[in-house]
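Visitor: Here you go, this is run25.cif (mmCIF, C-alpha atoms and all ligand atoms).
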data_target
#
loop_
_atom_site.label_atom_id
_atom_site.label_comp_id
_atom_site.auth_asym_id
_atom_site.auth_seq_id
_atom_site.Cartn_x
_atom_site.Cartn_y
_atom_site.Cartn_z
CA MET A 1 85.99 70.62 83.02
CA SER A 2 89.09 68.55 82.43
CA HIS A 3 89.95 70.66 79.38
CA ILE A 4 90.86 73.50 81.75
CA ILE A 5 93.32 71.27 83.54
CA ASP A 6 94.75 69.98 80.26
CA ASN A 7 95.09 73.53 78.98
CA ILE A 8 96.94 74.60 82.11
CA ALA A 9 99.36 71.72 81.63
CA GLN A 10 99.91 72.89 78.05
CA ILE A 11 100.60 76.45 79.20
CA ARG A 12 102.97 75.26 81.92
CA LYS A 13 104.82 73.32 79.22
CA ARG A 14 105.01 76.37 76.94
CA ILE A 15 106.31 78.45 79.85
CA ALA A 16 108.95 75.86 80.72
CA GLU A 17 110.11 75.48 77.12
CA ALA A 18 110.38 79.23 76.57
CA ALA A 19 112.25 79.63 79.85
CA LEU A 20 114.72 76.92 78.91
CA ARG A 21 115.31 78.48 75.50
CA ALA A 22 116.19 81.71 77.31
CA SER A 23 118.33 79.86 79.88
CA ARG A 24 115.95 80.86 82.63
CA ASN A 25 114.49 78.90 85.51
CA PRO A 26 110.78 78.24 84.71
CA GLU A 27 110.01 78.80 88.37
CA GLU A 28 110.88 82.48 87.99
CA ILE A 29 107.79 82.89 85.84
CA LYS A 30 104.40 83.13 87.48
CA LEU A 31 101.18 82.25 85.74
CA LEU A 32 98.27 84.61 86.29
CA LEU A 33 94.90 83.31 85.15
CA ALA A 34 93.08 86.08 83.29
CA THR A 35 89.55 85.27 84.38
CA LYS A 36 87.35 87.97 82.84
CA THR A 37 84.01 86.43 81.83
CA VAL A 38 85.03 83.08 83.38
CA SER A 39 82.56 81.63 85.89
CA ALA A 40 83.56 81.14 89.51
CA ASP A 41 83.03 77.39 88.99
CA ASN A 42 85.59 77.25 86.20
CA ILE A 43 88.02 79.44 88.14
CA LYS A 44 87.71 76.98 91.02
CA VAL A 45 88.67 74.10 88.73
CA ALA A 46 91.93 75.89 87.92
CA LEU A 47 92.62 76.89 91.53
CA GLU A 48 91.93 73.40 92.80
CA ALA A 49 94.42 72.11 90.23
CA GLY A 50 97.08 74.16 92.01
CA GLU A 51 97.00 77.60 90.40
CA ARG A 52 97.29 80.55 92.75
CA ILE A 53 96.87 83.91 90.98
CA ILE A 54 93.86 85.27 89.15
CA GLY A 55 93.48 88.61 87.40
CA GLU A 56 90.19 90.39 86.84
CA ASN A 57 89.37 93.46 84.72
CA LYS A 58 86.26 94.78 86.40
CA ALA A 59 85.38 95.47 90.02
CA GLN A 60 81.85 94.28 89.31
CA GLU A 61 83.11 90.87 88.20
CA ILE A 62 85.33 90.52 91.25
CA LYS A 63 82.33 91.26 93.40
CA SER A 64 80.05 88.76 91.69
CA LYS A 65 82.55 85.89 92.07
CA TYR A 66 83.83 86.86 95.50
CA ASP A 67 81.64 84.73 97.76
CA GLU A 68 82.05 81.59 95.70
CA LEU A 69 85.85 81.84 95.74
CA LEU A 70 86.14 82.71 99.42
CA GLY A 71 87.21 79.28 100.67
CA VAL A 72 89.69 78.61 97.86
CA PRO A 73 93.23 79.92 98.48
CA HIS A 74 94.31 82.39 95.80
CA GLN A 75 95.65 85.87 95.18
CA LYS A 76 93.61 88.39 93.26
CA HIS A 77 95.19 90.96 90.95
CA PHE A 78 93.39 93.72 89.11
CA ILE A 79 94.53 93.96 85.47
CA GLY A 80 91.84 96.13 83.88
CA HIS A 81 91.50 99.84 83.32
CA LEU A 82 90.70 101.37 86.69
CA GLN A 83 88.36 104.31 86.85
CA THR A 84 88.76 106.40 89.96
CA ASN A 85 85.10 106.02 90.88
CA LYS A 86 85.64 102.24 91.19
CA ILE A 87 88.52 102.39 93.70
CA LYS A 88 86.35 102.19 96.78
CA GLU A 89 84.45 99.20 95.43
CA LEU A 90 87.63 97.40 94.36
CA LEU A 91 89.22 97.68 97.79
CA ARG A 92 86.41 95.66 99.33
CA TYR A 93 87.49 92.39 97.75
CA ASP A 94 91.02 91.56 98.93
CA VAL A 95 92.84 92.58 95.77
CA THR A 96 96.55 92.21 96.52
CA CYS A 97 97.98 93.93 93.45
CA ILE A 98 96.68 96.50 90.99
CA GLN A 99 98.68 96.02 87.79
CA SER A 100 97.20 98.94 85.92
CA ILE A 101 98.39 102.15 87.56
CA ASP A 102 98.88 104.44 84.57
CA ARG A 103 98.35 107.99 85.78
CA LEU A 104 99.17 110.07 88.82
CA ASP A 105 95.59 111.11 89.44
CA LEU A 106 94.64 107.42 89.87
CA GLY A 107 97.56 106.86 92.25
CA GLU A 108 96.61 109.87 94.34
CA LYS A 109 92.96 108.88 94.63
CA LEU A 110 93.98 105.33 95.49
CA GLN A 111 96.36 106.65 98.14
CA ALA A 112 93.64 108.77 99.70
CA ARG A 113 91.26 105.84 99.94
CA LEU A 114 93.93 103.47 101.27
CA GLU A 115 94.86 106.00 103.92
CA PHE A 116 91.24 106.36 104.94
CA GLU A 117 90.83 102.59 105.21
CA LYS A 118 94.27 102.09 106.82
CA LYS A 119 95.27 99.66 104.06
CA GLU A 120 98.28 99.26 101.80
CA ILE A 121 98.52 97.71 98.35
CA ASP A 122 101.04 96.48 95.78
CA VAL A 123 100.90 97.88 92.28
CA LEU A 124 102.56 97.65 88.90
CA ILE A 125 102.93 100.61 86.58
CA GLN A 126 101.21 99.88 83.26
CA VAL A 127 103.11 101.10 80.22
CA ASN A 128 101.61 101.44 76.74
CA THR A 129 104.61 100.00 74.93
CA SER A 130 102.79 99.56 71.63
CA ASN A 131 101.61 103.16 71.44
CA GLU A 132 98.19 102.01 70.36
CA GLU A 133 95.45 104.43 71.22
CA SER A 134 93.12 101.61 72.17
CA LYS A 135 95.32 100.52 75.03
CA PHE A 136 95.80 102.05 78.41
CA GLY A 137 99.07 102.63 80.10
CA VAL A 138 101.42 105.54 80.56
CA ALA A 139 103.45 106.46 77.47
CA PRO A 140 106.97 105.00 77.66
CA GLU A 141 108.44 108.53 77.86
CA GLY A 142 106.38 109.21 80.97
CA ALA A 143 106.89 105.90 82.75
CA ILE A 144 109.91 106.84 84.83
CA GLU A 145 108.41 110.11 86.00
CA LEU A 146 105.15 108.38 86.94
CA THR A 147 107.07 105.71 88.84
CA LYS A 148 108.87 108.41 90.82
CA GLN A 149 105.63 110.20 91.63
CA VAL A 150 103.71 107.08 92.63
CA SER A 151 106.64 105.87 94.73
CA MET A 152 106.10 108.84 97.00
CA LEU A 153 102.57 107.73 97.90
CA PRO A 154 103.17 105.93 101.20
CA ASN A 155 100.42 103.28 101.12
CA ILE A 156 101.21 102.15 97.57
CA HIS A 157 104.14 99.83 96.92
CA ILE A 158 105.50 99.51 93.41
CA LYS A 159 106.61 95.98 92.53
CA GLY A 160 107.30 96.29 88.82
CA LEU A 161 105.86 97.05 85.40
CA MET A 162 103.07 95.68 83.23
CA THR A 163 102.33 95.90 79.53
CA ILE A 164 100.14 94.47 76.80
CA GLY A 165 102.20 93.71 73.69
CA LEU A 166 101.25 94.87 70.22
CA PHE A 167 98.73 92.59 68.55
CA SER A 168 100.66 91.73 65.45
CA ALA A 169 101.72 88.68 63.50
CA GLU A 170 105.15 90.25 63.14
CA GLU A 171 107.27 88.78 65.86
CA GLU A 172 109.86 91.55 65.91
CA LYS A 173 107.23 94.24 66.47
CA VAL A 174 105.82 92.33 69.41
CA ARG A 175 109.26 91.77 70.89
CA VAL A 176 110.05 95.50 70.65
CA CYS A 177 107.27 96.12 73.20
CA PHE A 178 108.66 93.60 75.65
CA LYS A 179 112.23 94.82 75.17
CA LEU A 180 111.07 98.34 75.90
CA LEU A 181 109.45 97.27 79.19
CA LYS A 182 112.64 95.42 80.18
CA SER A 183 114.72 98.47 79.36
CA LEU A 184 112.47 100.74 81.45
CA GLN A 185 112.78 98.28 84.32
CA GLN A 186 116.56 98.48 84.15
CA GLN A 187 116.54 102.27 83.97
CA ILE A 188 114.28 102.45 87.02
CA VAL A 189 116.38 99.94 88.98
CA ALA A 190 119.42 102.15 88.32
CA LEU A 191 117.65 105.08 89.99
CA ASN A 192 117.44 103.23 93.29
CA LEU A 193 114.15 104.85 94.27
CA PRO A 194 112.99 104.33 97.86
CA ASP A 195 110.09 101.84 98.14
CA VAL A 196 110.32 100.81 94.49
CA GLU A 197 110.92 97.16 93.66
CA MET A 198 111.25 96.27 90.00
CA ARG A 199 111.21 92.52 90.32
CA GLU A 200 107.96 91.95 88.44
CA LEU A 201 107.59 92.28 84.68
CA SER A 202 104.02 91.32 83.86
CA MET A 203 103.97 90.68 80.12
CA GLY A 204 102.86 87.95 77.75
CA MET A 205 99.41 86.53 77.03
CA SER A 206 97.99 83.43 75.32
CA HIS A 207 99.41 84.27 71.91
CA ASP A 208 102.76 85.85 72.76
CA LEU A 209 103.93 84.44 76.08
CA GLU A 210 107.00 82.78 74.54
CA PHE A 211 108.32 86.10 73.23
CA ALA A 212 107.61 87.78 76.55
CA ILE A 213 109.43 85.10 78.54
CA GLU A 214 112.40 85.23 76.22
CA GLU A 215 112.51 88.99 76.78
CA GLY A 216 112.37 88.73 80.56
CA SER A 217 108.76 88.36 81.71
CA THR A 218 108.25 87.22 85.29
CA MET A 219 104.47 86.89 85.03
CA VAL A 220 102.36 85.86 82.07
CA ARG A 221 98.62 86.60 82.05
CA VAL A 222 96.72 83.87 80.26
CA GLY A 223 92.99 83.66 79.61
CA THR A 224 91.86 82.28 76.26
CA ALA A 225 94.39 79.45 76.04
CA ILE A 226 93.12 78.10 79.35
CA PHE A 227 89.42 78.94 79.51
CA GLY A 228 88.55 79.20 75.82
CA LYS A 229 87.30 82.07 73.70
CA ARG A 230 85.44 84.91 75.41
CA ILE A 231 82.07 86.08 74.17
CA TYR A 232 82.93 89.77 74.50
CA ALA A 233 85.57 91.41 72.37
CA ASP A 234 88.51 92.61 74.44
CA SER A 235 87.69 96.15 73.41
CA TYR A 236 84.81 95.81 75.84
CA TYR A 237 87.38 95.60 78.60
CA TRP A 238 90.00 97.89 77.20
CA ASN A 239 88.05 100.88 75.95
CA GLU A 240 87.12 103.74 78.20
CA ASN A 241 83.54 104.20 77.12
CA MET A 242 82.32 100.66 77.51
C1 LIG A 301 92.30 89.39 78.92
C2 LIG A 301 93.64 89.85 79.32
C3 LIG A 301 94.75 89.01 79.26
C4 LIG A 301 94.69 87.58 78.75
O1 LIG A 301 94.52 87.56 77.37
P1 LIG A 301 94.38 86.18 76.56
O2 LIG A 301 94.67 86.57 75.18
O3 LIG A 301 92.98 85.71 76.74
O4 LIG A 301 95.37 85.23 77.13
C5 LIG A 301 95.97 89.51 79.67
N1 LIG A 301 96.09 90.78 80.14
C6 LIG A 301 95.04 91.62 80.19
C7 LIG A 301 95.25 92.99 80.70
C8 LIG A 301 93.79 91.19 79.79
O5 LIG A 301 92.76 92.04 79.85
#
Represent the structure from my file as structure tokens, please.
Guide:
Amino acid sequence: MSHIIDNIAQIRKRIAEAALRASRNPEEIKLLLATKTVSADNIKVALEAGERIIGENKAQEIKSKYDELLGVPHQKHFIGHLQTNKIKELLRYDVTCIQSIDRLDLGEKLQARLEFEKKEIDVLIQVNTSNEESKFGVAPEGAIELTKQVSMLPNIHIKGLMTIGLFSAEEEKVRVCFKLLKSLQQQIVALNLPDVEMRELSMGMSHDLEFAIEEGSTMVRVGTAIFGKRIYADSYYWNENM
């Protein structure tokens, strides 16, 4: 599985080069391994090579890989669309951050469950910066209000924002999404909300991580460029009815 290790080295190089172009310290940018459909064995290869953060899209997949990854140090983020009926299941598997909080109802149900279990969790607010119907996330116009509302839920700690950029070959259109997330971050910082940190900007994937880093990303989420092509279309993970 040495291609995984080579691919990680390539991604680390792309991250470093983009950071330097933007006069940023490459160490400010975390790499999250997007591991949907990736076997626990292959995830282990990456973790044993020194990676530390994985992101999964489905509670079921976290569950199925959980035992095998138990002994390997790592942090688990949830980056998929979260249905409220999956909250209870998700909280069983040591997820440290849910990056996809995009509606108050989800925040409230998560709060209730956390309270019941006497747990706390970090989250990011997911914003639909591309305005595509196929993608989840709160509309940009609603992002600040949602942040305020979720910030009042005591067991949930907001650490920043997340977005998926527009899938487009036109660089400027992709950058607009990332600029919008950065701008929302700055507007929220200016509000000085209690228990709201805005340090994390989770944006950038295999095909657009350079743009995201140049626009201020602090965490890129990379799957394909490390683990290879997935057999399922991403719509399988991103659409409500699947
Ligand atoms: C799959 C996925 C990624 C990674 O996408 P790649 O194009 O494979 O790098 C990033 N973010 C989310 C939310 C994903 O579902």
Visitor: Taking all atoms listed in the file into account, which residues are within 9 Å of ligand LIG 301 (chain A), as a VMD selection string?
Guide: chain A and resid 32 to 36 55 to 57 78 to 81 99 to 100 162 to 164 202 to 209 220 to 230 234 237 to 238
Visitor: Which is closer to Pro140 in chain A than all the others in A:Asp94, A:Glu197, A:Glu17, A:Asp102, using only C-alpha atoms?
Guide: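 Ranked by minimum distance to Pro140 in chain A, first place goes to A:Asp102.
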Visitor: Neighbouring residues of Leu90 in chain A were defined as those with any atom within 9 Å, considering only C-alpha atoms; residues of the same chain fewer than 3 positions away were excluded. Please report them as a list in words.
Guide: Lys58, Ala59, Gln60, Ile62, Lys63, Phe78, Lys86, Ile87, Tyr93, Asp94 and Val95 of chain A
Visitor: Out of A:Met219, A:Ala18, A:Glu27, A:Asn131, which residue has the shortest atom-to-atom distance to His77 in chain A when counting all atoms listed in the file?
Guide: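 Under the stated criterion, the closest residue is A:Met219.
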Visitor: Could you list, as a list in words, every residue within 8 Å of Ile158 in chain A, counting all atoms listed in the file and ignoring same-chain residues fewer than 4 positions away?
Guide: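 Returned residues: Asp122, Val123, Leu124, Ile125, Thr147, Val150, Ser151, Asp195, Val196, Glu197 and Met198 of chain A.
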Visitor: Output C-alpha atoms of each residue in that selection to a file, as a short mmCIF file (atom, residue, chain, number, x, y, z; two decimals), in the frame of the given file.
Guide:
data_model
loop_
_atom_site.label_atom_id
_atom_site.label_comp_id
_atom_site.auth_asym_id
_atom_site.auth_seq_id
_atom_site.Cartn_x
_atom_site.Cartn_y
_atom_site.Cartn_z
CA ASP A 122 101.04 96.48 95.78
CA VAL A 123 100.90 97.88 92.28
CA LEU A 124 102.56 97.65 88.90
CA ILE A 125 102.93 100.61 86.58
CA THR A 147 107.07 105.71 88.84
CA VAL A 150 103.71 107.08 92.63
CA SER A 151 106.64 105.87 94.73
CA ASP A 195 110.09 101.84 98.14
CA VAL A 196 110.32 100.81 94.49
CA GLU A 197 110.92 97.16 93.66
CA MET A 198 111.25 96.27 90.00
#
Visitor: Which residue is closest to Glu48 in chain A? Choose from A:Gln83, A:Glu89, A:Ser64, A:Ser2 and count all atoms listed in the file.
Guide: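 Result for the nearest residue to Glu48 in chain A: A:Ser2.
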Visitor: Residues near Gly142 in chain A, anyone? I mean within 10 Å using only C-alpha atoms, not counting same-chain ones fewer than 3 positions away, as a list of chain:residue names.
Guide: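 Near Gly142 in chain A, the qualifying residues are A:Asp102, A:Arg103, A:Val127, A:Gly137, A:Val138, A:Ala139, A:Glu145, A:Leu146, A:Thr147.
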Visitor: Suppose you want the space between CA of Arg52 in chain A and CA of Ala19 in chain A; what is it in Å?
Guide: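 CA of Ala19 in chain A lies 19.8 Å from CA of Arg52 in chain A.
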Visitor: Find, counting all atoms listed in the file, the residue in A:Val176, A:Asn192, A:Leu166, A:Lys44 that gets nearest to Ser134 in chain A.
Guide: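 Smallest distance to Ser134 in chain A is found for A:Leu166.
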Visitor: Which protein, DNA or RNA residues have an atom at most 12 Å from (96.4, 108.6, 93.3), counting only C-alpha atoms? List them as a PyMOL selection string.
Guide: chain A and resi 82-85+87+101-115+123+146-147+149-156
Visitor: Tell me, in Å to one decimal, how far CA of Ser168 in chain A is from CA of Ser130 in chain A.
Guide: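 Distance between the two atoms: 10.2 Å.
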Visitor: Mind giving me the straight-line distance from CA of Leu161 in chain A to CA of Glu132 in chain A in Å, one decimal?
Guide: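 That distance, rounded to one decimal, is 17.6 Å.
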Visitor: Calculate, to one decimal in Å, the centre and edge lengths of the box along x, y and z of the file that holds all listed atoms of range 186-200 of chain A with 5 Å of margin on each side, and present them as lines of an AutoDock Vina configuration file.
Guide:
center_x = 113.7
center_y = 98.5
center_z = 91.1
size_x = 21.5
size_y = 23.1
size_z = 24.2
Visitor: If I only want range 197-232 of chain A, can you write it with C-alpha atoms, as a PDB file, in the first residue's frame?
Guide:
ATOM      1  CA  GLU A 197     -14.193  30.056  18.280  1.00  0.00           C
ATOM      2  CA  MET A 198     -13.700  30.730  14.599  1.00  0.00           C
ATOM      3  CA  ARG A 199     -10.203  29.368  14.230  1.00  0.00           C
ATOM      4  CA  GLU A 200     -11.089  26.518  11.884  1.00  0.00           C
ATOM      5  CA  LEU A 201     -11.986  26.973   8.228  1.00  0.00           C
ATOM      6  CA  SER A 202     -12.496  23.496   6.804  1.00  0.00           C
ATOM      7  CA  MET A 203     -12.376  23.914   3.035  1.00  0.00           C
ATOM      8  CA  GLY A 204     -10.539  22.399   0.096  1.00  0.00           C
ATOM      9  CA  MET A 205     -10.572  18.867  -1.304  1.00  0.00           C
ATOM     10  CA  SER A 206      -8.428  16.818  -3.704  1.00  0.00           C
ATOM     11  CA  HIS A 207      -9.099  19.031  -6.705  1.00  0.00           C
ATOM     12  CA  ASP A 208      -9.244  22.501  -5.166  1.00  0.00           C
ATOM     13  CA  LEU A 209      -7.118  22.506  -2.028  1.00  0.00           C
ATOM     14  CA  GLU A 210      -4.652  25.061  -3.440  1.00  0.00           C
ATOM     15  CA  PHE A 211      -7.404  27.639  -3.957  1.00  0.00           C
ATOM     16  CA  ALA A 212      -8.809  26.942  -0.502  1.00  0.00           C
ATOM     17  CA  ILE A 213      -5.430  27.357   1.190  1.00  0.00           C
ATOM     18  CA  GLU A 214      -4.754  30.567  -0.672  1.00  0.00           C
ATOM     19  CA  GLU A 215      -8.127  31.834   0.553  1.00  0.00           C
ATOM     20  CA  GLY A 216      -7.474  30.929   4.186  1.00  0.00           C
ATOM     21  CA  SER A 217      -8.300  27.261   4.777  1.00  0.00           C
ATOM     22  CA  THR A 218      -6.990  25.754   8.007  1.00  0.00           C
ATOM     23  CA  MET A 219      -8.092  22.202   7.214  1.00  0.00           C
ATOM     24  CA  VAL A 220      -8.268  20.444   3.868  1.00  0.00           C
ATOM     25  CA  ARG A 221     -10.309  17.246   3.509  1.00  0.00           C
ATOM     26  CA  VAL A 222      -8.689  14.887   1.035  1.00  0.00           C
ATOM     27  CA  GLY A 223      -9.933  11.495  -0.112  1.00  0.00           C
ATOM     28  CA  THR A 224      -9.473  10.594  -3.774  1.00  0.00           C
ATOM     29  CA  ALA A 225      -5.965  12.014  -4.170  1.00  0.00           C
ATOM     30  CA  ILE A 226      -4.775   9.778  -1.337  1.00  0.00           C
ATOM     31  CA  PHE A 227      -6.876   6.623  -1.502  1.00  0.00           C
ATOM     32  CA  GLY A 228      -7.877   6.582  -5.167  1.00  0.00           C
ATOM     33  CA  LYS A 229     -11.244   6.779  -6.879  1.00  0.00           C
ATOM     34  CA  ARG A 230     -14.331   5.716  -4.949  1.00  0.00           C
ATOM     35  CA  ILE A 231     -16.785   3.219  -6.376  1.00  0.00           C
ATOM     36  CA  TYR A 232     -19.843   5.203  -5.289  1.00  0.00           C
TER      37      TYR A 232
END
